[in-house]
>>> print(open('start_37.pdb').read())   # PDB, C-alpha atoms, pLDDT in the B column
MODEL        1
ATOM      1  CA  MET A 275      14.266  21.151  -8.360  1.00 46.00           C
ATOM      2  CA  LYS A 276      14.117  21.195  -4.569  1.00 46.00           C
ATOM      3  CA  ARG A 277      11.496  23.945  -4.734  1.00 54.00           C
ATOM      4  CA  ILE A 278       9.450  21.870  -7.177  1.00 47.00           C
ATOM      5  CA  LEU A 279       9.344  18.867  -4.889  1.00 46.00           C
ATOM      6  CA  ILE A 280       8.489  20.935  -1.839  1.00 42.00           C
ATOM      7  CA  LEU A 281       5.577  22.581  -3.650  1.00 47.00           C
ATOM      8  CA  ALA A 282       4.449  19.260  -5.124  1.00 47.00           C
ATOM      9  CA  PHE A 283       4.533  17.488  -1.792  1.00 45.00           C
ATOM     10  CA  ALA A 284       2.600  20.335  -0.173  1.00 44.00           C
ATOM     11  CA  ALA A 285      -0.014  20.158  -2.920  1.00 45.00           C
ATOM     12  CA  GLY A 286      -0.256  16.403  -2.501  1.00 47.00           C
ATOM     13  CA  LEU A 287      -0.743  16.714   1.228  1.00 39.00           C
ATOM     14  CA  LEU A 288      -3.403  19.396   0.765  1.00 39.00           C
ATOM     15  CA  LEU A 289      -5.288  17.312  -1.788  1.00 43.00           C
ATOM     16  CA  SER A 290      -5.124  14.290   0.481  1.00 42.00           C
ATOM     17  CA  ALA A 291      -6.519  16.284   3.376  1.00 39.00           C
ATOM     18  CA  CYS A 292      -9.308  17.717   1.214  1.00 43.00           C
ATOM     19  CA  ASN A 293     -10.269  14.216   0.110  1.00 44.00           C
ATOM     20  CA  GLY A 294     -10.469  13.047   3.701  1.00 43.00           C
ATOM     21  CA  ASN A 295      -7.567  10.645   3.267  1.00 42.00           C
ATOM     22  CA  SER A 296      -4.962  10.065   5.912  1.00 38.00           C
ATOM     23  CA  VAL A 297      -1.758  12.000   5.295  1.00 41.00           C
ATOM     24  CA  SER A 298       1.118   9.735   4.319  1.00 54.00           C
ATOM     25  CA  GLN A 299       4.797  10.542   4.270  1.00 74.00           C
ATOM     26  CA  SER A 300       5.864  12.566   1.236  1.00 80.00           C
ATOM     27  CA  PRO A 301       8.007  10.684  -1.291  1.00 86.00           C
ATOM     28  CA  SER A 302      11.713  11.420  -1.381  1.00 93.00           C
ATOM     29  CA  PHE A 303      13.362  12.743  -4.523  1.00 94.00           C
ATOM     30  CA  ASN A 304      14.796   9.271  -5.095  1.00 94.00           C
ATOM     31  CA  ASP A 305      11.293   7.781  -4.777  1.00 94.00           C
ATOM     32  CA  VAL A 306      10.041  10.188  -7.441  1.00 95.00           C
ATOM     33  CA  LEU A 307      12.864   9.230  -9.811  1.00 94.00           C
ATOM     34  CA  THR A 308      12.614   5.480  -9.301  1.00 93.00           C
ATOM     35  CA  SER A 309       8.805   5.237  -9.299  1.00 94.00           C
ATOM     36  CA  ARG A 310       8.276   7.310 -12.447  1.00 96.00           C
ATOM     37  CA  ARG A 311       7.428   5.162 -15.445  1.00 95.00           C
ATOM     38  CA  SER A 312       6.081   5.663 -18.946  1.00 97.00           C
ATOM     39  CA  ILE A 313       2.511   4.534 -18.264  1.00 97.00           C
ATOM     40  CA  ARG A 314       0.524   2.911 -21.051  1.00 97.00           C
ATOM     41  CA  SER A 315      -2.577   1.906 -19.070  1.00 97.00           C
ATOM     42  CA  TYR A 316      -4.653   4.415 -17.066  1.00 98.00           C
ATOM     43  CA  ASP A 317      -7.371   4.134 -14.431  1.00 98.00           C
ATOM     44  CA  ALA A 318     -10.376   5.680 -16.201  1.00 97.00           C
ATOM     45  CA  THR A 319     -12.302   6.023 -12.923  1.00 98.00           C
ATOM     46  CA  ARG A 320      -9.926   8.682 -11.555  1.00 98.00           C
ATOM     47  CA  THR A 321      -9.996  12.300 -12.651  1.00 98.00           C
ATOM     48  CA  ILE A 322      -7.673  15.309 -12.399  1.00 98.00           C
ATOM     49  CA  SER A 323      -9.082  18.795 -11.934  1.00 98.00           C
ATOM     50  CA  GLU A 324      -8.068  21.952 -13.760  1.00 98.00           C
ATOM     51  CA  ALA A 325      -6.883  23.323 -10.407  1.00 98.00           C
ATOM     52  CA  GLU A 326      -4.515  20.378 -10.005  1.00 98.00           C
ATOM     53  CA  VAL A 327      -3.159  20.877 -13.514  1.00 98.00           C
ATOM     54  CA  ARG A 328      -2.611  24.560 -12.761  1.00 98.00           C
ATOM     55  CA  THR A 329      -0.689  23.609  -9.610  1.00 98.00           C
ATOM     56  CA  LEU A 330       1.440  21.278 -11.702  1.00 98.00           C
ATOM     57  CA  PHE A 331       2.257  23.945 -14.282  1.00 98.00           C
ATOM     58  CA  SER A 332       3.064  26.524 -11.616  1.00 98.00           C
ATOM     59  CA  MET A 333       5.937  24.189 -10.724  1.00 97.00           C
ATOM     60  CA  VAL A 334       6.892  23.515 -14.338  1.00 98.00           C
ATOM     61  CA  GLN A 335       7.481  27.259 -14.749  1.00 98.00           C
ATOM     62  CA  ASP A 336      10.607  26.913 -12.604  1.00 97.00           C
ATOM     63  CA  ALA A 337      12.333  24.892 -15.353  1.00 98.00           C
ATOM     64  CA  PRO A 338      15.547  26.514 -16.641  1.00 98.00           C
ATOM     65  CA  SER A 339      15.787  27.898 -20.163  1.00 98.00           C
ATOM     66  CA  TRP A 340      18.281  29.766 -22.344  1.00 97.00           C
ATOM     67  CA  ALA A 341      18.565  33.348 -20.976  1.00 96.00           C
ATOM     68  CA  ASN A 342      15.225  32.717 -19.247  1.00 97.00           C
ATOM     69  CA  GLN A 343      13.469  32.856 -22.627  1.00 96.00           C
ATOM     70  CA  GLN A 344      10.859  30.333 -21.435  1.00 97.00           C
ATOM     71  CA  PRO A 345      10.021  29.122 -24.959  1.00 98.00           C
ATOM     72  CA  SER A 346       7.833  26.188 -23.888  1.00 98.00           C
ATOM     73  CA  LYS A 347       4.073  26.415 -24.344  1.00 98.00           C
ATOM     74  CA  TYR A 348       1.378  23.892 -23.416  1.00 98.00           C
ATOM     75  CA  TYR A 349      -2.125  23.176 -24.685  1.00 98.00           C
ATOM     76  CA  VAL A 350      -4.239  21.156 -22.265  1.00 98.00           C
ATOM     77  CA  ALA A 351      -7.101  18.902 -23.377  1.00 98.00           C
ATOM     78  CA  ILE A 352      -9.371  18.297 -20.386  1.00 98.00           C
ATOM     79  CA  THR A 353     -12.916  18.347 -21.802  1.00 98.00           C
ATOM     80  CA  PRO A 354     -14.340  15.109 -23.270  1.00 98.00           C
ATOM     81  CA  GLU A 355     -14.508  16.625 -26.755  1.00 98.00           C
ATOM     82  CA  LYS A 356     -10.888  17.794 -26.820  1.00 98.00           C
ATOM     83  CA  LEU A 357      -9.649  14.576 -25.219  1.00 98.00           C
ATOM     84  CA  ALA A 358     -11.355  12.486 -27.903  1.00 98.00           C
ATOM     85  CA  ALA A 359      -9.936  14.713 -30.628  1.00 98.00           C
ATOM     86  CA  VAL A 360      -6.366  14.421 -29.328  1.00 98.00           C
ATOM     87  CA  GLN A 361      -6.727  10.655 -28.869  1.00 98.00           C
ATOM     88  CA  ASP A 362      -7.352  10.406 -32.607  1.00 98.00           C
ATOM     89  CA  LEU A 363      -4.103  12.264 -33.317  1.00 98.00           C
ATOM     90  CA  VAL A 364      -1.558  10.110 -31.462  1.00 98.00           C
ATOM     91  CA  GLY A 365      -1.385   7.109 -33.775  1.00 96.00           C
ATOM     92  CA  GLY A 366      -0.922   3.713 -32.152  1.00 96.00           C
ATOM     93  CA  ASN A 367      -0.834   5.208 -28.672  1.00 98.00           C
ATOM     94  CA  LYS A 368      -4.582   5.888 -28.707  1.00 98.00           C
ATOM     95  CA  SER A 369      -5.524   2.616 -27.022  1.00 97.00           C
ATOM     96  CA  ARG A 370      -2.853   3.151 -24.374  1.00 97.00           C
ATOM     97  CA  ILE A 371      -4.090   6.534 -23.176  1.00 98.00           C
ATOM     98  CA  LEU A 372      -7.887   6.160 -23.358  1.00 96.00           C
ATOM     99  CA  GLY A 373      -8.206   6.287 -19.563  1.00 97.00           C
ATOM    100  CA  ALA A 374      -6.017   9.368 -19.097  1.00 98.00           C
ATOM    101  CA  PRO A 375      -8.148  12.352 -17.983  1.00 98.00           C
ATOM    102  CA  VAL A 376      -5.694  14.963 -19.305  1.00 98.00           C
ATOM    103  CA  LEU A 377      -3.695  15.211 -22.525  1.00 98.00           C
ATOM    104  CA  ILE A 378      -1.077  17.922 -22.973  1.00 99.00           C
ATOM    105  CA  VAL A 379       0.443  19.185 -26.221  1.00 98.00           C
ATOM    106  CA  SER A 380       3.981  20.499 -25.732  1.00 98.00           C
ATOM    107  CA  THR A 381       5.495  23.139 -28.039  1.00 98.00           C
ATOM    108  CA  TYR A 382       8.265  25.719 -28.082  1.00 98.00           C
ATOM    109  CA  GLU A 383       8.597  29.121 -29.720  1.00 98.00           C
ATOM    110  CA  LYS A 384      11.221  29.222 -32.464  1.00 97.00           C
ATOM    111  CA  GLY A 385      13.928  31.897 -32.619  1.00 97.00           C
ATOM    112  CA  LYS A 386      14.201  32.464 -28.853  1.00 96.00           C
ATOM    113  CA  SER A 387      16.473  29.940 -27.121  1.00 97.00           C
ATOM    114  CA  GLY A 388      19.854  29.793 -28.844  1.00 97.00           C
ATOM    115  CA  PHE A 389      19.574  33.313 -30.259  1.00 97.00           C
ATOM    116  CA  PHE A 390      20.966  36.732 -29.342  1.00 95.00           C
ATOM    117  CA  ARG A 391      19.604  39.860 -30.993  1.00 93.00           C
ATOM    118  CA  GLY A 392      17.959  37.732 -33.651  1.00 92.00           C
ATOM    119  CA  GLN A 393      21.095  35.790 -34.573  1.00 95.00           C
ATOM    120  CA  GLN A 394      21.720  32.179 -33.579  1.00 95.00           C
ATOM    121  CA  THR A 395      24.562  31.913 -31.093  1.00 96.00           C
ATOM    122  CA  ASN A 396      26.037  28.602 -32.254  1.00 97.00           C
ATOM    123  CA  GLU A 397      25.479  25.822 -34.754  1.00 97.00           C
ATOM    124  CA  LEU A 398      22.552  24.352 -32.806  1.00 96.00           C
ATOM    125  CA  GLY A 399      20.259  27.331 -33.314  1.00 95.00           C
ATOM    126  CA  ASP A 400      16.654  26.331 -32.665  1.00 96.00           C
ATOM    127  CA  PHE A 401      17.735  22.978 -31.284  1.00 97.00           C
ATOM    128  CA  TRP A 402      18.206  24.916 -28.046  1.00 98.00           C
ATOM    129  CA  GLY A 403      14.462  25.519 -28.056  1.00 98.00           C
ATOM    130  CA  ALA A 404      13.906  21.780 -28.241  1.00 98.00           C
ATOM    131  CA  TYR A 405      16.470  21.309 -25.471  1.00 98.00           C
ATOM    132  CA  ASP A 406      14.666  23.797 -23.233  1.00 98.00           C
ATOM    133  CA  ASN A 407      11.331  22.194 -24.044  1.00 98.00           C
ATOM    134  CA  GLY A 408      12.785  18.852 -22.991  1.00 98.00           C
ATOM    135  CA  LEU A 409      13.910  20.350 -19.691  1.00 98.00           C
ATOM    136  CA  SER A 410      10.442  21.782 -19.148  1.00 98.00           C
ATOM    137  CA  ASN A 411       8.838  18.432 -19.958  1.00 98.00           C
ATOM    138  CA  CYS A 412      11.210  16.738 -17.522  1.00 98.00           C
ATOM    139  CA  TYR A 413      10.042  19.070 -14.775  1.00 98.00           C
ATOM    140  CA  LEU A 414       6.475  18.266 -15.796  1.00 98.00           C
ATOM    141  CA  ILE A 415       6.771  14.492 -15.522  1.00 98.00           C
ATOM    142  CA  LEU A 416       8.759  14.591 -12.266  1.00 98.00           C
ATOM    143  CA  ALA A 417       6.463  17.135 -10.613  1.00 97.00           C
ATOM    144  CA  ALA A 418       3.494  15.085 -11.817  1.00 98.00           C
ATOM    145  CA  ARG A 419       4.932  11.974 -10.201  1.00 97.00           C
ATOM    146  CA  ALA A 420       5.576  13.869  -6.952  1.00 97.00           C
ATOM    147  CA  MET A 421       1.876  14.806  -6.962  1.00 97.00           C
ATOM    148  CA  GLY A 422       0.918  11.157  -7.443  1.00 97.00           C
ATOM    149  CA  PHE A 423       0.182  11.348 -11.186  1.00 98.00           C
ATOM    150  CA  ASP A 424       1.596   9.351 -14.079  1.00 98.00           C
ATOM    151  CA  THR A 425       2.613  10.321 -17.590  1.00 98.00           C
ATOM    152  CA  LEU A 426       3.566   9.127 -21.058  1.00 98.00           C
ATOM    153  CA  ILE A 427       5.495  11.297 -23.518  1.00 98.00           C
ATOM    154  CA  MET A 428       4.371  10.484 -27.060  1.00 98.00           C
ATOM    155  CA  GLY A 429       6.350  11.350 -30.177  1.00 97.00           C
ATOM    156  CA  MET A 430       3.809   9.777 -32.524  1.00 97.00           C
ATOM    157  CA  ARG A 431       1.372  12.613 -33.216  1.00 98.00           C
ATOM    158  CA  ASP A 432      -0.288  14.389 -36.096  1.00 98.00           C
ATOM    159  CA  ALA A 433       1.301  17.833 -35.771  1.00 98.00           C
ATOM    160  CA  ASP A 434      -0.891  19.425 -38.427  1.00 98.00           C
ATOM    161  CA  GLY A 435      -4.039  18.074 -36.798  1.00 98.00           C
ATOM    162  CA  LEU A 436      -2.962  19.315 -33.375  1.00 98.00           C
ATOM    163  CA  ARG A 437      -2.059  22.722 -34.774  1.00 98.00           C
ATOM    164  CA  THR A 438      -5.537  23.071 -36.244  1.00 98.00           C
ATOM    165  CA  LEU A 439      -7.308  21.713 -33.157  1.00 98.00           C
ATOM    166  CA  PHE A 440      -5.641  24.143 -30.748  1.00 98.00           C
ATOM    167  CA  GLN A 441      -4.936  26.985 -33.203  1.00 98.00           C
ATOM    168  CA  ILE A 442      -1.214  26.719 -32.441  1.00 98.00           C
ATOM    169  CA  PRO A 443       0.745  29.555 -34.112  1.00 98.00           C
ATOM    170  CA  GLY A 444       3.166  28.756 -36.917  1.00 98.00           C
ATOM    171  CA  GLU A 445       6.116  30.137 -34.927  1.00 98.00           C
ATOM    172  CA  GLU A 446       5.736  27.291 -32.439  1.00 98.00           C
ATOM    173  CA  THR A 447       7.207  23.830 -33.041  1.00 98.00           C
ATOM    174  CA  ILE A 448       5.049  20.957 -31.762  1.00 98.00           C
ATOM    175  CA  THR A 449       7.170  18.393 -29.953  1.00 98.00           C
ATOM    176  CA  ALA A 450       5.065  15.865 -28.078  1.00 98.00           C
ATOM    177  CA  VAL A 451       1.750  14.906 -26.541  1.00 98.00           C
ATOM    178  CA  ILE A 452       1.922  13.987 -22.846  1.00 98.00           C
ATOM    179  CA  SER A 453      -0.787  11.985 -21.112  1.00 98.00           C
ATOM    180  CA  LEU A 454      -1.521  12.711 -17.457  1.00 98.00           C
ATOM    181  CA  GLY A 455      -3.462  10.395 -15.179  1.00 98.00           C
ATOM    182  CA  TYR A 456      -3.225   7.530 -12.722  1.00 98.00           C
ATOM    183  CA  ARG A 457      -1.631   4.203 -13.582  1.00 98.00           C
ATOM    184  CA  ALA A 458      -3.924   1.196 -13.790  1.00 97.00           C
ATOM    185  CA  GLU A 459      -1.035  -1.171 -13.100  1.00 92.00           C
ATOM    186  CA  ASP A 460       2.620  -1.021 -12.100  1.00 91.00           C
ATOM    187  CA  PRO A 461       4.934  -1.684 -15.038  1.00 90.00           C
ATOM    188  CA  LYS A 462       8.293  -3.348 -14.574  1.00 89.00           C
ATOM    189  CA  ARG A 463      11.370  -1.185 -14.281  1.00 90.00           C
ATOM    190  CA  PRO A 464      13.235  -1.293 -17.613  1.00 91.00           C
ATOM    191  CA  ILE A 465      16.795  -2.566 -17.864  1.00 94.00           C
ATOM    192  CA  HIS A 466      19.295   0.265 -18.151  1.00 94.00           C
ATOM    193  CA  ARG A 467      22.525   0.273 -20.066  1.00 96.00           C
ATOM    194  CA  PRO A 468      25.719  -0.171 -18.000  1.00 97.00           C
ATOM    195  CA  LEU A 469      26.799   3.174 -16.552  1.00 96.00           C
ATOM    196  CA  ASP A 470      30.225   2.999 -18.196  1.00 96.00           C
ATOM    197  CA  GLU A 471      28.556   2.934 -21.609  1.00 97.00           C
ATOM    198  CA  ILE A 472      26.998   6.346 -21.103  1.00 96.00           C
ATOM    199  CA  VAL A 473      29.440   8.113 -18.765  1.00 98.00           C
ATOM    200  CA  LYS A 474      33.127   8.705 -19.570  1.00 96.00           C
ATOM    201  CA  PHE A 475      35.605  10.085 -17.036  1.00 97.00           C
ATOM    202  CA  PHE A 476      38.787  11.876 -18.066  1.00 97.00           C
TER     203      PHE A 476
ENDMDL
END
>>> encode(input="start_37.pdb", output="structure tokens")
Amino acid sequence: MKRILILAFAAGLLLSACNGNSVSQSPSFNDVLTSRRSIRSYDATRTISEAEVRTLFSMVQDAPSWANQQPSKYYVAITPEKLAAVQDLVGGNKSRILGAPVLIVSTYEKGKSGFFRGQQTNELGDFWGAYDNGLSNCYLILAARAMGFDTLIMGMRDADGLRTLFQIPGEETITAVISLGYRAEDPKRPIHRPLDEIVKFF
């Protein structure tokens, strides 16, 4: 994770310098965690380049996975035609992500994480693929925030439509669509459950 933030901060500084902006202090890891939000309103005037998305995914590749199987795959909509097509496949979230310049479909390859020599290692089986995909997506949204971007992970999606649109192989499970852009407004921090409700010490 430390490597991710270092690379992200460096990329952010480089982009700032290229844009002629003054270089500001890089955010701390705590700043990244506390400023990340699920953004449902994007600034449509701001774009993200393919080069920036590639920088982001070069950091996402450092995410851990079962036996380094790296089952996560991503399909990036960045052209107007593909963006419009994906927007029509995310149900009620369409109006919330219209200003996002990038939409990402997240999948994982079945039969890799959680398996050894073709046999599942424990009762979870392919759920380990979903677990690894979640870890990869976590790296994605945190690295994105470190680069100054915002995200929304969407579970409402037409999997069949996305599979056809991107020609996603049948051996991949489609998990989510993730919007990537710049927030149009700062949402309030949600209320969290008391720590003792989610953490037990023995």
>>> residues_around(input="start_37.pdb", residues="region 457-474 of chain A", least_positions_apart="5", cutoff="10 Å", atoms="all atoms listed in the file", output="PyMOL selection string")
chain A and resi 308-320+373-374+422-425
>>> residues_around(input="start_37.pdb", residues="region 345-361 of chain A", least_positions_apart="6", cutoff="8 Å", atoms="all atoms listed in the file", output="list in words")
Glu324, Ser339, Lys368, Ile371, Leu372, Pro375, Val376, Leu377, Ile378, Val379, Ser380, Thr381, Tyr382, Glu383, Lys384, Lys386, Ser387, Gly403, Asp406, Asn407, Ser410, Leu436, Leu439 and Phe440 of chain A
>>> atom_distance(input="start_37.pdb", atom1="CA of Ala450 (chain A)", atom2="CA of Ile427 (chain A)")
6.5 Å
>>> atom_distance(input="start_37.pdb", atom1="CA of Tyr413 (chain A)", atom2="CA of Val306 (chain A)")
11.5 Å
>>> closest_residue(input="start_37.pdb", among="A:Trp340, A:Ser323, A:Gly408, A:Asp400", to="Leu454 (chain A)", atoms="all atoms listed in the file")
A:Ser323
>>> atom_distance(input="start_37.pdb", atom1="CA of Phe401 (chain A)", atom2="CA of Thr447 (chain A)")
10.7 Å
>>> closest_residue(input="start_37.pdb", among="A:Ala418, A:Met428, A:Ala433, A:Ala341", to="Phe390 (chain A)", atoms="only C-alpha atoms")
A:Ala341
>>> resolve_selection(input="start_37.pdb", expression="the PyMOL selection byres ((chain A and resi 364) around 9)", output="PyMOL selection string")
chain A and resi 360-363+365-368+428-432+451
>>> write_last_selection(input="start_37.pdb", atoms="C-alpha atoms", output="tab-separated table (two decimals), in the coordinates of the input")
chain	number	residue	atom	x	y	z
A	360	VAL	CA	-6.37	14.42	-29.33
A	361	GLN	CA	-6.73	10.66	-28.87
A	362	ASP	CA	-7.35	10.41	-32.61
A	363	LEU	CA	-4.10	12.26	-33.32
A	365	GLY	CA	-1.38	7.11	-33.78
A	366	GLY	CA	-0.92	3.71	-32.15
A	367	ASN	CA	-0.83	5.21	-28.67
A	368	LYS	CA	-4.58	5.89	-28.71
A	428	MET	CA	4.37	10.48	-27.06
A	429	GLY	CA	6.35	11.35	-30.18
A	430	MET	CA	3.81	9.78	-32.52
A	431	ARG	CA	1.37	12.61	-33.22
A	432	ASP	CA	-0.29	14.39	-36.10
A	451	VAL	CA	1.75	14.91	-26.54
>>> resolve_selection(input="start_37.pdb", expression="the PyMOL selection byres ((chain A and resi 336) around 10)", output="list in words")
Met275, Arg277, Ile278, Phe331, Ser332, Met333, Val334, Gln335, Ala337, Pro338, Ser339, Asn342, Gln344, Ser410 and Tyr413 of chain A
>>> write_last_selection(input="start_37.pdb", atoms="C-alpha atoms", output="mmCIF file, in the frame of the given file")
data_model
loop_
_atom_site.group_PDB
_atom_site.id
_atom_site.type_symbol
_atom_site.label_atom_id
_atom_site.label_comp_id
_atom_site.auth_asym_id
_atom_site.auth_seq_id
_atom_site.Cartn_x
_atom_site.Cartn_y
_atom_site.Cartn_z
ATOM 1 C CA MET A 275 14.266 21.151 -8.360
ATOM 2 C CA ARG A 277 11.496 23.945 -4.734
ATOM 3 C CA ILE A 278 9.450 21.870 -7.177
ATOM 4 C CA PHE A 331 2.257 23.945 -14.282
ATOM 5 C CA SER A 332 3.064 26.524 -11.616
ATOM 6 C CA MET A 333 5.937 24.189 -10.724
ATOM 7 C CA VAL A 334 6.892 23.515 -14.338
ATOM 8 C CA GLN A 335 7.481 27.259 -14.749
ATOM 9 C CA ALA A 337 12.333 24.892 -15.353
ATOM 10 C CA PRO A 338 15.547 26.514 -16.641
ATOM 11 C CA SER A 339 15.787 27.898 -20.163
ATOM 12 C CA ASN A 342 15.225 32.717 -19.247
ATOM 13 C CA GLN A 344 10.859 30.333 -21.435
ATOM 14 C CA SER A 410 10.442 21.782 -19.148
ATOM 15 C CA TYR A 413 10.042 19.070 -14.775
#
>>> closest_residue(input="start_37.pdb", among="A:Gln343, A:Ser302, A:Gln394, A:Asn411", to="Thr449 (chain A)", atoms="all atoms listed in the file")
A:Asn411
